[in-house]
>>> print(open('upload.csv').read())   # CSV, C-alpha atoms
chain,number,residue,atom,x,y,z
C,19,MET,CA,14.7,-17.4,-33.1
C,20,LYS,CA,11.5,-17.0,-31.2
C,21,SER,CA,10.2,-13.4,-30.9
C,22,PRO,CA,10.1,-12.2,-27.3
C,23,LEU,CA,6.9,-10.4,-28.2
C,24,ALA,CA,5.0,-13.4,-29.4
C,25,LEU,CA,3.0,-15.7,-27.1
C,26,ASP,CA,1.5,-19.1,-27.8
C,27,PRO,CA,-1.4,-20.4,-25.7
C,28,VAL,CA,-0.6,-23.6,-23.9
C,29,LEU,CA,-4.2,-24.7,-23.1
C,30,HIS,CA,-7.7,-23.6,-23.6
C,31,PHE,CA,-10.6,-23.1,-21.1
C,32,GLY,CA,-13.4,-23.2,-23.6
C,33,PRO,CA,-12.8,-20.2,-25.8
C,34,VAL,CA,-10.3,-18.6,-23.5
C,35,PRO,CA,-6.7,-19.3,-24.4
C,36,ILE,CA,-4.3,-19.6,-21.4
C,37,THR,CA,-0.6,-18.7,-22.0
C,38,ALA,CA,2.4,-19.8,-20.1
C,39,PRO,CA,2.9,-16.5,-18.2
C,40,VAL,CA,-0.6,-16.7,-16.9
C,41,LEU,CA,-0.1,-20.2,-15.6
C,42,VAL,CA,3.2,-19.2,-13.9
C,43,THR,CA,1.5,-16.2,-12.4
C,44,TRP,CA,-1.2,-18.4,-11.0
C,45,VAL,CA,1.4,-20.7,-9.5
C,46,ILE,CA,3.2,-17.7,-8.0
C,47,LEU,CA,0.0,-16.4,-6.6
C,48,LEU,CA,-0.8,-19.7,-5.0
C,49,VAL,CA,2.6,-20.1,-3.5
C,50,LEU,CA,2.7,-16.6,-2.2
C,51,GLY,CA,-0.8,-16.7,-0.8
C,52,VAL,CA,-0.5,-20.1,0.9
C,53,GLY,CA,3.1,-19.2,2.1
C,54,ALA,CA,2.0,-15.9,3.6
C,55,ALA,CA,-1.0,-17.5,5.3
C,56,ALA,CA,1.1,-20.3,6.7
C,57,ALA,CA,3.9,-17.9,7.7
C,58,THR,CA,1.6,-15.6,9.6
C,59,ARG,CA,-0.4,-18.4,11.2
C,60,ARG,CA,1.3,-18.5,14.5
C,61,LEU,CA,2.6,-15.0,15.3
C,62,THR,CA,4.2,-14.7,18.7
C,63,LEU,CA,5.6,-11.8,20.7
C,64,GLU,CA,9.0,-13.5,20.6
C,65,PRO,CA,9.5,-14.0,16.9
C,66,SER,CA,10.8,-17.1,15.3
C,67,LYS,CA,13.4,-16.7,12.5
C,68,LEU,CA,10.8,-16.6,9.8
C,69,GLN,CA,8.7,-14.1,11.6
C,70,ALA,CA,11.8,-11.9,12.2
C,71,VAL,CA,12.5,-11.9,8.4
C,72,LEU,CA,8.9,-11.0,7.6
C,73,GLU,CA,8.9,-8.2,10.3
C,74,THR,CA,12.1,-6.8,8.8
C,75,LEU,CA,10.5,-6.8,5.4
C,76,VAL,CA,7.4,-5.0,6.6
C,77,THR,CA,9.4,-2.5,8.7
C,78,ALA,CA,11.6,-1.7,5.7
C,79,LEU,CA,8.5,-1.3,3.5
C,80,ASP,CA,6.9,1.0,6.1
C,81,ALA,CA,10.0,3.1,6.3
C,82,LEU,CA,10.1,3.4,2.5
C,83,ILE,CA,6.5,4.5,2.2
C,84,LEU,CA,6.9,6.9,5.1
C,85,ASP,CA,10.0,8.5,3.6
C,86,THR,CA,8.6,8.7,0.1
C,87,MET,CA,5.0,9.7,0.7
C,88,ARG,CA,5.2,11.4,4.1
C,89,ALA,CA,1.9,9.7,4.9
C,90,LYS,CA,0.9,6.9,7.2
C,91,PRO,CA,1.9,3.6,5.5
C,92,GLY,CA,-1.2,1.7,6.6
C,93,PRO,CA,-3.4,2.0,3.5
C,94,TYR,CA,-0.6,1.5,1.0
C,95,ARG,CA,1.4,-1.2,2.6
C,96,ALA,CA,-0.6,-4.1,1.1
C,97,LEU,CA,-0.5,-2.8,-2.5
C,98,ILE,CA,3.2,-1.7,-2.5
C,99,GLY,CA,4.3,-4.8,-0.6
C,100,THR,CA,2.4,-7.2,-2.9
C,101,ILE,CA,3.8,-5.5,-6.0
C,102,PHE,CA,7.3,-5.8,-4.6
C,103,VAL,CA,7.1,-9.4,-3.5
C,104,TYR,CA,5.2,-10.5,-6.7
C,105,VAL,CA,7.7,-8.8,-9.1
C,106,LEU,CA,10.6,-10.1,-7.1
C,107,VAL,CA,9.3,-13.7,-7.1
C,108,ALA,CA,8.3,-13.4,-10.8
C,109,ASN,CA,11.8,-12.1,-11.8
C,110,TRP,CA,13.5,-14.9,-9.8
C,111,SER,CA,11.2,-17.6,-11.1
C,112,SER,CA,13.6,-18.1,-14.0
C,113,LEU,CA,15.7,-20.0,-11.6
C,114,VAL,CA,13.3,-22.9,-11.8
C,115,PRO,CA,14.3,-24.8,-14.9
C,116,GLY,CA,11.9,-24.6,-17.8
C,117,ILE,CA,10.1,-21.6,-16.5
C,118,GLU,CA,10.2,-18.2,-18.1
C,119,PRO,CA,9.5,-15.3,-15.8
C,120,PRO,CA,6.0,-13.9,-16.5
C,121,THR,CA,7.5,-10.3,-16.3
C,122,ALA,CA,9.5,-11.1,-19.4
C,123,HIS,CA,6.3,-10.7,-21.4
C,124,ILE,CA,4.9,-7.3,-21.9
C,125,GLU,CA,1.3,-8.3,-21.0
C,126,THR,CA,2.1,-9.0,-17.3
C,127,ASP,CA,4.0,-5.8,-17.0
C,128,ALA,CA,1.2,-3.8,-18.6
C,129,ALA,CA,-1.3,-5.3,-16.1
C,130,LEU,CA,1.0,-4.4,-13.2
C,131,ALA,CA,1.4,-0.8,-14.5
C,132,LEU,CA,-2.3,-0.5,-15.0
C,133,ILE,CA,-2.9,-1.5,-11.4
C,134,VAL,CA,-0.4,1.2,-10.3
C,135,PHE,CA,-2.1,3.7,-12.6
C,136,ALA,CA,-5.6,2.9,-11.2
C,137,ALA,CA,-4.2,3.1,-7.7
C,138,THR,CA,-2.9,6.6,-8.3
C,139,LEU,CA,-6.3,7.7,-9.5
C,140,VAL,CA,-8.2,6.0,-6.7
C,141,TYR,CA,-5.9,7.3,-3.9
C,142,GLY,CA,-5.7,10.7,-5.4
C,143,VAL,CA,-9.5,11.0,-5.6
C,144,ARG,CA,-9.9,9.5,-2.2
C,145,THR,CA,-7.5,12.0,-0.4
C,146,ARG,CA,-8.4,15.2,-2.3
C,147,GLY,CA,-11.8,14.6,-3.7
C,148,PHE,CA,-12.7,14.5,-7.3
C,149,LEU,CA,-12.4,18.2,-8.1
C,150,GLY,CA,-9.3,18.6,-5.9
C,151,TYR,CA,-7.6,15.8,-7.8
C,152,LEU,CA,-8.5,17.3,-11.1
C,153,LYS,CA,-7.1,20.6,-9.9
C,154,THR,CA,-3.6,19.0,-9.5
C,155,PHE,CA,-3.5,18.7,-13.2
C,156,ALA,CA,-3.5,22.5,-13.5
C,157,GLU,CA,-0.4,22.9,-11.3
C,158,PRO,CA,1.7,25.0,-11.4
C,159,SER,CA,-0.5,26.8,-13.9
C,160,TRP,CA,-3.2,25.9,-16.5
C,161,VAL,CA,-0.6,25.9,-19.3
C,162,MET,CA,0.7,22.6,-17.9
C,163,ILE,CA,-2.6,20.7,-18.3
C,164,PRO,CA,-1.7,18.9,-21.5
C,165,LEU,CA,1.8,18.1,-20.3
C,166,ASN,CA,0.5,16.7,-17.0
C,167,ILE,CA,-2.0,14.5,-18.8
C,168,ILE,CA,0.7,13.2,-21.1
C,169,GLU,CA,2.9,12.6,-18.1
C,170,GLN,CA,0.3,10.3,-16.6
C,171,VAL,CA,0.3,8.1,-19.8
C,172,THR,CA,4.0,8.2,-20.5
C,173,ARG,CA,5.1,7.3,-17.0
C,174,THR,CA,2.8,4.3,-16.9
C,175,PHE,CA,4.1,3.3,-20.3
C,176,SER,CA,7.7,3.7,-19.1
C,177,LEU,CA,6.9,1.5,-16.1
C,178,VAL,CA,5.8,-1.2,-18.5
C,179,VAL,CA,8.7,-0.9,-20.8
C,180,ARG,CA,11.3,-0.6,-18.1
C,181,LEU,CA,10.4,-3.9,-16.4
C,182,PHE,CA,9.7,-5.7,-19.6
C,183,GLY,CA,13.0,-4.5,-21.2
C,184,ASN,CA,15.2,-5.4,-18.3
C,185,VAL,CA,13.7,-8.9,-17.5
C,186,MET,CA,13.2,-9.8,-21.2
C,187,SER,CA,16.7,-8.8,-22.2
C,188,GLY,CA,18.1,-10.9,-19.4
C,189,VAL,CA,16.2,-14.0,-20.5
C,190,PHE,CA,17.1,-13.2,-24.1
C,191,VAL,CA,20.8,-12.9,-23.5
C,192,VAL,CA,20.8,-16.1,-21.5
C,193,GLY,CA,19.1,-17.9,-24.4
C,194,ILE,CA,21.6,-16.5,-26.9
C,195,VAL,CA,24.6,-17.5,-24.9
C,196,LEU,CA,23.2,-20.9,-24.2
C,197,SER,CA,22.6,-21.6,-27.9
C,198,LEU,CA,26.1,-20.3,-28.8
C,199,ALA,CA,28.3,-21.5,-26.0
C,200,GLY,CA,26.4,-24.4,-24.4
C,201,LEU,CA,25.5,-25.7,-21.0
C,202,LEU,CA,26.7,-24.0,-17.7
C,203,VAL,CA,28.3,-21.0,-19.6
C,204,PRO,CA,25.4,-18.5,-18.9
C,205,ILE,CA,25.5,-19.0,-15.1
C,206,PRO,CA,27.3,-15.7,-14.4
C,207,LEU,CA,24.7,-13.9,-16.6
C,208,MET,CA,21.9,-15.6,-14.7
C,209,ALA,CA,23.5,-14.4,-11.4
C,210,LEU,CA,23.5,-10.9,-12.9
C,211,ASP,CA,19.8,-11.4,-13.8
C,212,LEU,CA,19.1,-12.1,-10.2
C,213,LEU,CA,20.6,-8.7,-9.2
C,214,THR,CA,18.7,-7.0,-12.1
C,215,GLY,CA,15.5,-8.7,-11.0
C,216,ALA,CA,15.8,-7.6,-7.4
C,217,VAL,CA,16.7,-4.0,-8.4
C,218,GLN,CA,13.9,-3.8,-10.9
C,219,ALA,CA,11.4,-5.2,-8.3
C,220,TYR,CA,12.6,-2.5,-5.8
C,221,ILE,CA,12.4,0.2,-8.5
C,222,PHE,CA,8.9,-0.8,-9.5
C,223,ALA,CA,7.8,-0.6,-5.9
C,224,VAL,CA,9.6,2.7,-5.3
C,225,LEU,CA,8.1,4.2,-8.5
C,226,ALA,CA,4.6,3.0,-7.5
C,227,THR,CA,5.2,4.7,-4.2
C,228,VAL,CA,6.4,7.9,-5.8
C,229,PHE,CA,3.5,8.0,-8.2
C,230,ILE,CA,0.9,7.4,-5.5
C,231,GLY,CA,2.7,9.8,-3.2
C,232,ALA,CA,2.6,12.5,-5.9
C,233,ALA,CA,-1.1,11.9,-6.3
C,234,ILE,CA,-1.9,12.3,-2.6
C,235,GLU,CA,0.7,14.9,-1.7
C,236,SER,CA,-0.2,18.5,-0.9
C,237,PRO,CA,1.4,20.7,-3.6
C,238,ALA,CA,5.1,20.9,-3.0
C,239,PRO,CA,6.1,24.5,-3.8
C,240,VAL,CA,5.3,26.7,-0.8
C,241,PRO,CA,3.9,30.1,-1.9
C,242,PRO,CA,6.4,32.9,-1.2
C,243,THR,CA,3.9,35.0,0.8
C,244,PRO,CA,2.9,33.2,3.9
C,245,GLN,CA,-0.9,32.8,3.9
C,246,PRO,CA,-3.1,30.6,6.2
C,247,ARG,CA,-3.8,27.3,4.6
C,248,THR,CA,-6.3,24.8,5.8
C,249,LEU,CA,-5.0,21.3,6.0
C,250,PRO,CA,-7.3,18.6,4.8
J,131,MET,CA,13.3,-6.9,-52.0
J,132,ASN,CA,12.3,-8.5,-48.7
J,133,ASN,CA,15.9,-9.5,-48.2
J,134,ILE,CA,17.1,-5.9,-48.4
J,135,ILE,CA,14.5,-4.8,-45.9
J,136,GLN,CA,15.7,-7.5,-43.4
J,137,VAL,CA,19.3,-6.4,-43.8
J,138,VAL,CA,18.4,-2.8,-43.3
J,139,SER,CA,16.3,-3.8,-40.3
J,140,ILE,CA,19.2,-5.6,-38.6
J,141,LEU,CA,21.5,-2.6,-39.3
J,142,ALA,CA,18.9,-0.2,-37.9
J,143,ALA,CA,18.4,-2.4,-34.8
J,144,ALA,CA,22.2,-2.4,-34.1
J,145,MET,CA,22.4,1.3,-34.7
J,146,ALA,CA,19.4,2.0,-32.5
J,147,VAL,CA,20.9,0.0,-29.6
J,148,SER,CA,24.5,1.3,-30.0
J,149,PHE,CA,23.7,5.0,-30.4
J,150,GLY,CA,20.8,4.8,-28.0
J,151,ALA,CA,23.1,3.6,-25.3
J,152,ILE,CA,25.6,6.5,-25.5
J,153,GLY,CA,23.4,9.1,-23.9
J,154,PRO,CA,22.1,7.1,-21.0
J,155,ALA,CA,25.7,5.8,-20.4
J,156,LEU,CA,27.0,9.3,-20.1
J,157,GLY,CA,24.1,10.4,-17.9
J,158,GLU,CA,24.4,7.4,-15.6
J,159,GLY,CA,28.1,8.0,-15.2
J,160,ARG,CA,27.5,11.6,-14.2
J,161,ALA,CA,24.7,10.6,-11.8
J,162,VAL,CA,26.8,8.0,-10.1
J,163,ALA,CA,29.8,10.3,-9.9
J,164,ALA,CA,27.7,13.0,-8.3
J,165,ALA,CA,26.2,10.6,-5.8
J,166,MET,CA,29.6,9.2,-4.9
J,167,GLU,CA,30.8,12.8,-4.2
J,168,ALA,CA,27.7,13.5,-2.1
J,169,ILE,CA,28.1,10.3,-0.1
J,170,ALA,CA,31.8,11.1,0.5
J,171,ARG,CA,30.9,14.5,1.8
J,172,GLN,CA,27.9,13.4,3.9
J,173,PRO,CA,28.1,9.7,4.7
J,174,GLU,CA,25.2,9.8,7.0
J,175,ALA,CA,22.8,10.6,4.1
J,176,ALA,CA,23.9,7.5,2.2
J,177,GLY,CA,20.6,5.8,2.6
J,178,THR,CA,18.5,8.6,1.1
J,179,LEU,CA,21.1,9.3,-1.6
J,180,SER,CA,21.3,5.7,-2.8
J,181,ARG,CA,17.6,5.3,-2.9
J,182,THR,CA,17.2,8.5,-5.0
J,183,LEU,CA,20.1,7.4,-7.1
J,184,PHE,CA,18.5,4.0,-7.9
J,185,VAL,CA,15.3,5.6,-8.9
J,186,GLY,CA,17.1,8.2,-11.0
J,187,LEU,CA,19.3,5.5,-12.6
J,188,ALA,CA,16.1,3.5,-13.5
J,189,MET,CA,14.7,6.6,-15.1
J,190,ILE,CA,17.8,7.3,-17.2
J,191,GLU,CA,18.1,3.6,-18.1
J,192,THR,CA,14.6,3.6,-19.5
J,193,MET,CA,15.9,5.6,-22.4
J,194,ALA,CA,18.3,2.8,-23.4
J,195,ILE,CA,15.6,0.3,-22.8
J,196,TYR,CA,13.3,2.2,-25.2
J,197,CYS,CA,16.0,1.8,-27.9
J,198,LEU,CA,16.2,-1.9,-27.1
J,199,VAL,CA,12.4,-2.3,-27.5
J,200,ILE,CA,12.5,-0.3,-30.8
J,201,ALA,CA,15.3,-2.6,-32.0
J,202,LEU,CA,13.2,-5.7,-31.0
J,203,LEU,CA,10.2,-4.3,-32.8
J,204,VAL,CA,12.2,-3.7,-35.9
J,205,LEU,CA,13.7,-7.2,-35.7
J,206,PHE,CA,10.6,-9.3,-34.7
J,207,ALA,CA,7.5,-7.2,-35.4
J,208,ASN,CA,8.6,-5.4,-38.6
J,209,PRO,CA,5.5,-4.3,-40.5
J,210,PHE,CA,7.3,-4.2,-43.8
J,211,VAL,CA,8.6,-7.8,-43.7
J,212,LYS,CA,6.0,-10.3,-44.9
>>> encode(input="upload.csv", output="structure tokens")
Amino acid sequence: MKSPLALDPVLHFGPVPITAPVLVTWVILLVLGVGAAAATRRLTLEPSKLQAVLETLVTALDALILDTMRAKPGPYRALIGTIFVYVLVANWSSLVPGIEPPTAHIETDAALALIVFAATLVYGVRTRGFLGYLKTFAEPSWVMIPLNIIEQVTRTFSLVVRLFGNVMSGVFVVGIVLSLAGLLVPIPLMALDLLTGAVQAYIFAVLATVFIGAAIESPAPVPPTPQPRTLP
Amino acid sequence: MNNIIQVVSILAAAMAVSFGAIGPALGEGRAVAAAMEAIARQPEAAGTLSRTLFVGLAMIETMAIYCLVIALLVLFANPFVK
């Protein structure tokens, strides 16, 4: 049986090997980019069906960001929305025969989680300043500094492993059942995979929102004695 | 010798998944039960509750997924099998 951790290059650009997940990712990027450009080409005040769907998506996204971060959703909508839509389409790309979802390989998930990690650093530094962001590592007291640093690494790692494990196990189980039982038998499992894929995309987006929100948030515990605080 | 290592690896992978699933299963059961009770008491907070529940469940489920990944490492990327 083929290891889910192994990857074989399908073609070479000079010395650079290109693997199947990269190709699928490029196709998804192309489809999403062209689709988004075409869908938002003629926006009208009286929305068509497609525009209504897109507006519902963006409104739900804004509500999610507003609820989780308690900040204006403007600067974060593009990142969170792209992550959600990309992971959703990538998870569901297994519906196309012969295509394995790129998120079923750990490299894609690692790239996504590194993007989220970099985004937390960038947004944290941008809203609090460099020293201000460094100070959040010493909350609630300096004893927590090592734990806070470890937390940054482990939560990024858990983001990788969660998406990889869920999507890969779905693909793996479908493959095993297909080889044992035959054609058309794994269809219920594939339906379950669709649900798992949607939930995982949602969770990835929510966790990205939570992490960025934690980086930009003012410290949650209010000091017991009321003292004047200057808001940034 | 190699054969024994493979047999032990398969046993270890099965044990990792089976025992590793017990804790998260209990935890998820408690979390869902608590969320159900909370929604029954306060149905208007169902949106916030279910969102928090989903995120919490994903966190708990990660523990089981860790075990699955360890099992896969033992099966497919075992450093002791040549």
>>> residues_around(input="upload.csv", residues="range 203-210 of chain J", least_positions_apart="3", cutoff="12 Å", atoms="all atoms listed in the file", output="list in words")
Met19, Lys20, Ser21, Pro22, Leu23, Ala24 and Gly183 of chain C; Met131, Asn132, Asn133, Ile134, Ile135, Gln136, Val137, Val138, Ser139, Ile140, Leu141, Ala142, Ala143, Ala144, Met145, Ala146, Val147, Tyr196, Cys197, Leu198, Val199 and Ile200 of chain J
>>> atom_distance(input="upload.csv", atom1="CA of Ala57 in chain C", atom2="CA of Thr77 in chain C")
16.4 Å
>>> residues_around(input="upload.csv", residues="Met208 in chain C", least_positions_apart="5", cutoff="9 Å", atoms="all atoms listed in the file", output="PyMOL selection string")
chain C and resi 112-113+188-189+192+213
>>> interface_residues(input="upload.csv", of="chain C", to="chain J", cutoff="12 Å", atoms="all atoms listed in the file", output="mmCIF file with C-alpha atoms, in the frame of the given file")
data_model
loop_
_atom_site.group_PDB
_atom_site.id
_atom_site.type_symbol
_atom_site.label_atom_id
_atom_site.label_comp_id
_atom_site.auth_asym_id
_atom_site.auth_seq_id
_atom_site.Cartn_x
_atom_site.Cartn_y
_atom_site.Cartn_z
ATOM 1 C CA MET C 19 14.700 -17.400 -33.100
ATOM 2 C CA LYS C 20 11.500 -17.000 -31.200
ATOM 3 C CA SER C 21 10.200 -13.400 -30.900
ATOM 4 C CA PRO C 22 10.100 -12.200 -27.300
ATOM 5 C CA LEU C 23 6.900 -10.400 -28.200
ATOM 6 C CA ALA C 24 5.000 -13.400 -29.400
ATOM 7 C CA ALA C 81 10.000 3.100 6.300
ATOM 8 C CA LEU C 82 10.100 3.400 2.500
ATOM 9 C CA ASP C 85 10.000 8.500 3.600
ATOM 10 C CA THR C 86 8.600 8.700 0.100
ATOM 11 C CA ILE C 124 4.900 -7.300 -21.900
ATOM 12 C CA THR C 172 4.000 8.200 -20.500
ATOM 13 C CA ARG C 173 5.100 7.300 -17.000
ATOM 14 C CA PHE C 175 4.100 3.300 -20.300
ATOM 15 C CA SER C 176 7.700 3.700 -19.100
ATOM 16 C CA LEU C 177 6.900 1.500 -16.100
ATOM 17 C CA VAL C 178 5.800 -1.200 -18.500
ATOM 18 C CA VAL C 179 8.700 -0.900 -20.800
ATOM 19 C CA ARG C 180 11.300 -0.600 -18.100
ATOM 20 C CA LEU C 181 10.400 -3.900 -16.400
ATOM 21 C CA PHE C 182 9.700 -5.700 -19.600
ATOM 22 C CA GLY C 183 13.000 -4.500 -21.200
ATOM 23 C CA ASN C 184 15.200 -5.400 -18.300
ATOM 24 C CA VAL C 185 13.700 -8.900 -17.500
ATOM 25 C CA MET C 186 13.200 -9.800 -21.200
ATOM 26 C CA SER C 187 16.700 -8.800 -22.200
ATOM 27 C CA GLY C 188 18.100 -10.900 -19.400
ATOM 28 C CA PHE C 190 17.100 -13.200 -24.100
ATOM 29 C CA THR C 214 18.700 -7.000 -12.100
ATOM 30 C CA ALA C 216 15.800 -7.600 -7.400
ATOM 31 C CA VAL C 217 16.700 -4.000 -8.400
ATOM 32 C CA GLN C 218 13.900 -3.800 -10.900
ATOM 33 C CA ALA C 219 11.400 -5.200 -8.300
ATOM 34 C CA TYR C 220 12.600 -2.500 -5.800
ATOM 35 C CA ILE C 221 12.400 0.200 -8.500
ATOM 36 C CA PHE C 222 8.900 -0.800 -9.500
ATOM 37 C CA ALA C 223 7.800 -0.600 -5.900
ATOM 38 C CA VAL C 224 9.600 2.700 -5.300
ATOM 39 C CA LEU C 225 8.100 4.200 -8.500
ATOM 40 C CA ALA C 226 4.600 3.000 -7.500
ATOM 41 C CA THR C 227 5.200 4.700 -4.200
ATOM 42 C CA VAL C 228 6.400 7.900 -5.800
#
>>> atom_distance(input="upload.csv", atom1="CA of Gln172 in chain J", atom2="CA of Leu84 in chain C")
22.0 Å
>>> atom_distance(input="upload.csv", atom1="CA of Ile190 in chain J", atom2="CA of Gln170 in chain C")
17.8 Å
>>> closest_residue(input="upload.csv", among="C:Leu165, C:Val34, C:Leu25, C:Ala232", to="Thr126 in chain C", atoms="all atoms listed in the file")
C:Leu25
>>> closest_residue(input="upload.csv", among="C:Leu68, C:Ala233, C:Ala122, C:Ala89", to="Ala54 in chain C", atoms="all atoms listed in the file")
C:Leu68
>>> residues_around(input="upload.csv", residues="Leu152 in chain C", least_positions_apart="5", cutoff="10 Å", atoms="all atoms listed in the file", output="list in words")
Leu139, Gly142, Val143, Arg146, Gly147, Glu157 and Ile163 of chain C
>>> residues_near_point(input="upload.csv", point="(1.9, -20.2, -21.4)", cutoff="7 Å", atoms="only C-alpha atoms", output="ChimeraX atom specification")
/C:26-28,36-41
